[in-house]
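Below you'll find the structure, written out as structure tokens, and then a few comments.
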Amino acid sequence: MNVFPRTNLRALFRFAFFLLPFAGAAQDPAPDLSANPAVATSPLNPALPTLFIAGDSTAAKANGQPVQGWGEPLAEFFDRTKINVANRARGGRSSRTFITEGHWDRLLAEVKAGDTVLIQFGHNDGGAINGEPPGSTRPLRARGSLPGLGEESTEIDNLVTHQRETVRTFGWYIRKMITGVQARGAAPILLSLTIRDRWTGGKIERGSGHYRAWIREIAAGAGVPFVDQSRIVADQFQALGEAGVKAFYGPDHTHTNLAGAEIHAASAVAGLRGLRPSGKFDRYLSARGSAVGADTIGWLNLPEPAEAKLPSIVLVGDSTVRNGRGDGAGGQWGWGDFLGAHFDGRKVNLVNRAVGGLSSRTFHTQGHWRRALMLIKPGDVVLIQFGHNDAAPLNDAQRARGTIKSTGEETESIDNLLTKLPEVVHSYGWYLRQFVREARSAGATPVVCSLVPRKIWKDGRIVRAAESYGGWARQVAAEEGVAFIDLNELVAARYETEGAANVEAFFADEHTHTNQAGAELNAAIVTAALRALPGDPLGAWTR
């Protein structure tokens, strides 16, 4: 259970640019519950591995109604003849006070080689470090950690314990937990925070303060697995809508009832099942746990808007826009990974939701467009680039990703050999129109881009797609009355200016995927084309 892949650190730094908010320190701490009972422990079977939970009241055992933490129903998703599930979360604690009050040492004393420890903190770390601020009606807790991930510290005379204390950063406390678990021969897994029932403009809050980004960054830096519980639950709750989500919470916006706890527990299971390499936890699941589908997109490390109040430039497309995890694996980068360098992150979010290997059809049918649309709000700009994979077969057992080669309303009904489900396949143009129309309905401005060209030369020129996908993208943009950027032509012309020998240095494979230099070149071309649109609508956001 304790063998997991290490995370490429380059992914961390590229992702942090998109996700980490730029201002402010921390969210307001969780509302206080009337009681935070001590952990009730029962003997663990020493012959079995154990799954531990370290966290706060959002995971801790409560009375079930009106409040229950997700760590309690989690046990129902596992076969306890094969694994122990030990919920050691304690309400009201931060990463700091979970350690300073001795809860962490007591948990660690139970951990043995082969165990797994789920670690989730942050809701209370934004509280006061010592005395409450003037005007606060909160009880004196002295539980806040210093914001950030560094080695900073401050000395206090703790008003609660009456002891001298060195207070550290949130990152310091979480890293201490990670190293403690690893020293026992066990595996730590970090989880982002539970979702709060807070909505703005019809969008649910997708993480409290900086903590979601910080937890991801700590996991990447330490090379330990990360389960983005915030995203998994937020996607479900966004689909349900604000009124529907009320049924999952207790007396406040933070603490779930039993039904909400079960949703969060199922999301933790989905996240665990989605970790790569897959299957590490499958052998320990109960029938209920086995019925939970794996989180299939967590490994992609897809960004979300860093600052909800800012407009966003949202990118959708294939691997020429974002390859794999967006970490440069195999030396391959998409141009969307470097577009952010041309825009001011204090003014606009850059959200690259492109997914490699997909066509306009499979980006739609696999739910990626639906999830991207959840993030899009009025005032955003959506860049759309597909075509490289749309020429593939309509139906096969490998990808089944092709589209009908036109912009019309033709359809073909198939029994999809990959999904084993019936499907109506549409034209390339039809899928582009869905993206355009739905983005516009969300109040955003869609911009259609033709596909960047491959490095294929004929008679001294780069082969264009003006008579196929490039031309069809132009046609859809014209018919829908939206902006069009002919990347196919603009990039091809630049390659020809550079010459075949120099263009070789822009690619990481035979002819399709650019390396960093090629992606940076294409990002610069995209930026110039955006600036050249009538009225320079994105000019105020550029650096």
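By convention in this document, the chains of the structure tokens carry letters A, B, ... by their order, each chain's residues are numbered from 1, and ligands are numbered from 1 in the order they are shown.
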As a PyMOL selection string, please: every residue in segment 283-388 of chain A that DSSP puts in helix (DSSP H, G or I). chain A and resi 283-284+287-290+298-300+329-331+336-342+360-365+368-375
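All residues in segment 154-339 of chain A with a DSSP state of strand (DSSP E), computed from the backbone, read Thr154, Glu155, Ile156, Asp157, Arg164, Glu165, Thr166, Val167, Arg168, Ala187, Pro188, Ile189, Leu190, Leu191, Trp199, Thr200, Lys203, Ile204, Phe226, Val227, Ser312, Ile313, Val314, Leu315, Val316 and Gly317 of chain A.
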From the list A:Leu108, A:Ile384, A:Ala219, A:Ile156, which residue is nearest Gly185 of chain A when using only C-alpha atoms? A:Leu108
Shell around Asn515 of chain A at 10 Å using only C-alpha atoms, local window under 4 positions removed, as an NGL selection string: :A and (328-335 or 505-509 or 519-521)
Export of prior selection with C-alpha atoms as a PDB file, in the first residue's frame:
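The file below, selection.pdb, is the result:
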ATOM      1  CA  GLY A 328       6.783  18.590 -19.923  1.00  0.00           C
ATOM      2  CA  ALA A 329       6.975  14.806 -19.703  1.00  0.00           C
ATOM      3  CA  GLY A 330       9.021  13.448 -22.575  1.00  0.00           C
ATOM      4  CA  GLY A 331      10.068  17.021 -23.359  1.00  0.00           C
ATOM      5  CA  GLN A 332       6.609  17.726 -24.804  1.00  0.00           C
ATOM      6  CA  TRP A 333       4.779  20.968 -24.067  1.00  0.00           C
ATOM      7  CA  GLY A 334       1.612  22.570 -25.382  1.00  0.00           C
ATOM      8  CA  TRP A 335       1.438  26.258 -26.239  1.00  0.00           C
ATOM      9  CA  ALA A 505      14.659  22.400 -32.794  1.00  0.00           C
ATOM     10  CA  PHE A 506      11.029  23.223 -31.896  1.00  0.00           C
ATOM     11  CA  PHE A 507       9.741  19.636 -31.708  1.00  0.00           C
ATOM     12  CA  ALA A 508       9.969  16.836 -29.167  1.00  0.00           C
ATOM     13  CA  ASP A 509       8.706  14.122 -31.514  1.00  0.00           C
ATOM     14  CA  ALA A 519       5.500  25.880 -27.329  1.00  0.00           C
ATOM     15  CA  GLU A 520       6.861  29.268 -26.287  1.00  0.00           C
ATOM     16  CA  LEU A 521       7.006  30.332 -29.922  1.00  0.00           C
TER      17      LEU A 521
END
Close residues, segment 129-143 of chain A itself excluded, 10 Å, only C-alpha atoms, min 4 positions apart in chain, as a tab-separated table (two decimals) with C-alpha atoms, in the first residue's frame:
chain	number	residue	atom	x	y	z
A	29	PRO	CA	-11.66	29.57	10.15
A	31	PRO	CA	-17.41	27.87	12.62
A	32	ASP	CA	-17.17	26.38	16.09
A	92	GLY	CA	-11.54	22.19	16.19
A	93	ARG	CA	-7.91	21.42	15.44
A	94	SER	CA	-5.54	22.94	12.95
A	95	SER	CA	-2.39	21.29	11.63
A	96	ARG	CA	-0.59	23.11	14.43
A	97	THR	CA	-2.81	22.14	17.37
A	98	PHE	CA	-3.27	18.57	16.13
A	100	THR	CA	0.97	20.47	19.77
A	124	ASN	CA	-8.84	26.01	11.17
A	125	ASP	CA	-5.33	27.06	10.20
A	154	THR	CA	7.27	33.28	15.44
A	156	ILE	CA	4.52	33.49	21.38
A	157	ASP	CA	3.43	33.16	24.96
A	158	ASN	CA	0.38	31.00	24.26
A	159	LEU	CA	-2.69	32.56	25.91
A	160	VAL	CA	-4.43	29.17	26.08
A	161	THR	CA	-1.64	26.87	27.28
A	167	VAL	CA	4.56	28.76	15.79
A	168	ARG	CA	5.43	27.51	12.29
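Note that atom CA of Leu190 of chain A and atom CA of His103 of chain A are 17.5 Å apart.
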Which value, in Å to one decimal, gives the distance between atom CA of Ala294 of chain A and atom CA of Ala243 of chain A? 27.0 Å
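Distance annotation: of A:Gly379, A:Pro311, A:Pro277, A:Gly55, the residue with the minimal separation from Ser192 of chain A is A:Gly55; atom set is only C-alpha atoms.
Comparing the minimum interatomic distances between Ala220 of chain A and each of A:Ile99, A:Val233, A:Ile404, A:Ile189, counting only C-alpha atoms, we find that A:Ile189 sits nearest.
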Got a sec: who's within 8 Å of segment 472-483 of chain A, counting only C-alpha atoms, leaving out chain neighbours fewer than 5 positions off, as a PyMOL selection string? chain A and resi 406-407+428-429+432-433+436+445-450+466-467+533
Exercise: Phe386 of chain A partners within 10 Å, only C-alpha atoms, chain neighbours under 4 positions left out, as a VMD selection string: chain A and resid 316 to 321 354 358 to 361 363 390 428 431 to 432 448 to 452 469 to 470 473
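Those residues that approach segment 286-289 of chain A to within 10 Å, counting only C-alpha atoms, are Leu74, Ala75, Glu76, Phe77, Phe78, Asp79, Arg80, Thr81, Lys82, Ala265, Ala266, Val269, Ala270, Arg273, Phe281, Asp282 and Gly293 of chain A; same-chain residues fewer than 4 positions away are not listed.
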File dump, residues just selected, N, CA and C atoms, as an mmCIF file, in the first residue's frame:
data_model
loop_
_atom_site.group_PDB
_atom_site.id
_atom_site.type_symbol
_atom_site.label_atom_id
_atom_site.label_comp_id
_atom_site.auth_asym_id
_atom_site.auth_seq_id
_atom_site.Cartn_x
_atom_site.Cartn_y
_atom_site.Cartn_z
ATOM 1 N N LEU A 74 -16.490 6.634 5.914
ATOM 2 C CA LEU A 74 -15.450 6.083 5.045
ATOM 3 C C LEU A 74 -15.254 4.591 5.293
ATOM 4 N N ALA A 75 -15.367 4.151 6.540
ATOM 5 C CA ALA A 75 -15.127 2.739 6.864
ATOM 6 C C ALA A 75 -16.062 1.815 6.106
ATOM 7 N N GLU A 76 -17.269 2.307 5.773
ATOM 8 C CA GLU A 76 -18.241 1.471 5.082
ATOM 9 C C GLU A 76 -17.833 1.146 3.647
ATOM 10 N N PHE A 77 -16.878 1.885 3.124
ATOM 11 C CA PHE A 77 -16.426 1.668 1.753
ATOM 12 C C PHE A 77 -15.281 0.649 1.686
ATOM 13 N N PHE A 78 -14.869 0.131 2.850
ATOM 14 C CA PHE A 78 -13.755 -0.813 2.901
ATOM 15 C C PHE A 78 -14.187 -2.112 3.577
ATOM 16 N N ASP A 79 -13.554 -3.183 3.176
ATOM 17 C CA ASP A 79 -13.801 -4.494 3.761
ATOM 18 C C ASP A 79 -12.931 -4.612 4.998
ATOM 19 N N ARG A 80 -13.535 -4.546 6.169
ATOM 20 C CA ARG A 80 -12.753 -4.490 7.393
ATOM 21 C C ARG A 80 -12.229 -5.861 7.838
ATOM 22 N N THR A 81 -12.475 -6.872 7.034
ATOM 23 C CA THR A 81 -11.758 -8.129 7.244
ATOM 24 C C THR A 81 -10.401 -8.094 6.531
ATOM 25 N N LYS A 82 -10.185 -7.036 5.718
ATOM 26 C CA LYS A 82 -8.944 -6.910 4.964
ATOM 27 C C LYS A 82 -8.117 -5.690 5.364
ATOM 28 N N ALA A 265 -16.945 11.132 1.714
ATOM 29 C CA ALA A 265 -16.249 9.853 1.865
ATOM 30 C C ALA A 265 -16.122 9.147 0.521
ATOM 31 N N ALA A 266 -17.200 9.137 -0.242
ATOM 32 C CA ALA A 266 -17.149 8.511 -1.571
ATOM 33 C C ALA A 266 -16.145 9.223 -2.467
ATOM 34 N N VAL A 269 -12.725 7.977 -1.684
ATOM 35 C CA VAL A 269 -12.522 6.666 -2.295
ATOM 36 C C VAL A 269 -12.255 6.811 -3.791
ATOM 37 N N ALA A 270 -13.030 7.664 -4.455
ATOM 38 C CA ALA A 270 -12.812 7.897 -5.893
ATOM 39 C C ALA A 270 -11.400 8.414 -6.137
ATOM 40 N N ARG A 273 -8.846 5.623 -5.631
ATOM 41 C CA ARG A 273 -8.877 4.680 -6.756
ATOM 42 C C ARG A 273 -8.255 5.281 -8.018
ATOM 43 N N PHE A 281 -5.718 0.332 -3.902
ATOM 44 C CA PHE A 281 -6.699 0.176 -2.837
ATOM 45 C C PHE A 281 -7.849 -0.763 -3.206
ATOM 46 N N ASP A 282 -7.928 -1.155 -4.451
ATOM 47 C CA ASP A 282 -9.089 -1.922 -4.906
ATOM 48 C C ASP A 282 -9.291 -3.210 -4.112
ATOM 49 N N GLY A 293 -16.780 4.804 -8.716
ATOM 50 C CA GLY A 293 -15.862 4.909 -9.848
ATOM 51 C C GLY A 293 -14.612 5.684 -9.482
#
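The interatomic distance for the pair atom CA of Gly356 of chain A and atom CA of Gly324 of chain A works out to 5.8 Å.
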Could you check which of A:Leu149, A:Leu118, A:Ala444, A:Ala291 is closest to Glu217 of chain A, using only C-alpha atoms? A:Leu149
Pick from A:Gln65, A:Ser145, A:Thr296, A:Asn352, whichever lies nearest to Leu375 of chain A using only C-alpha atoms: A:Asn352
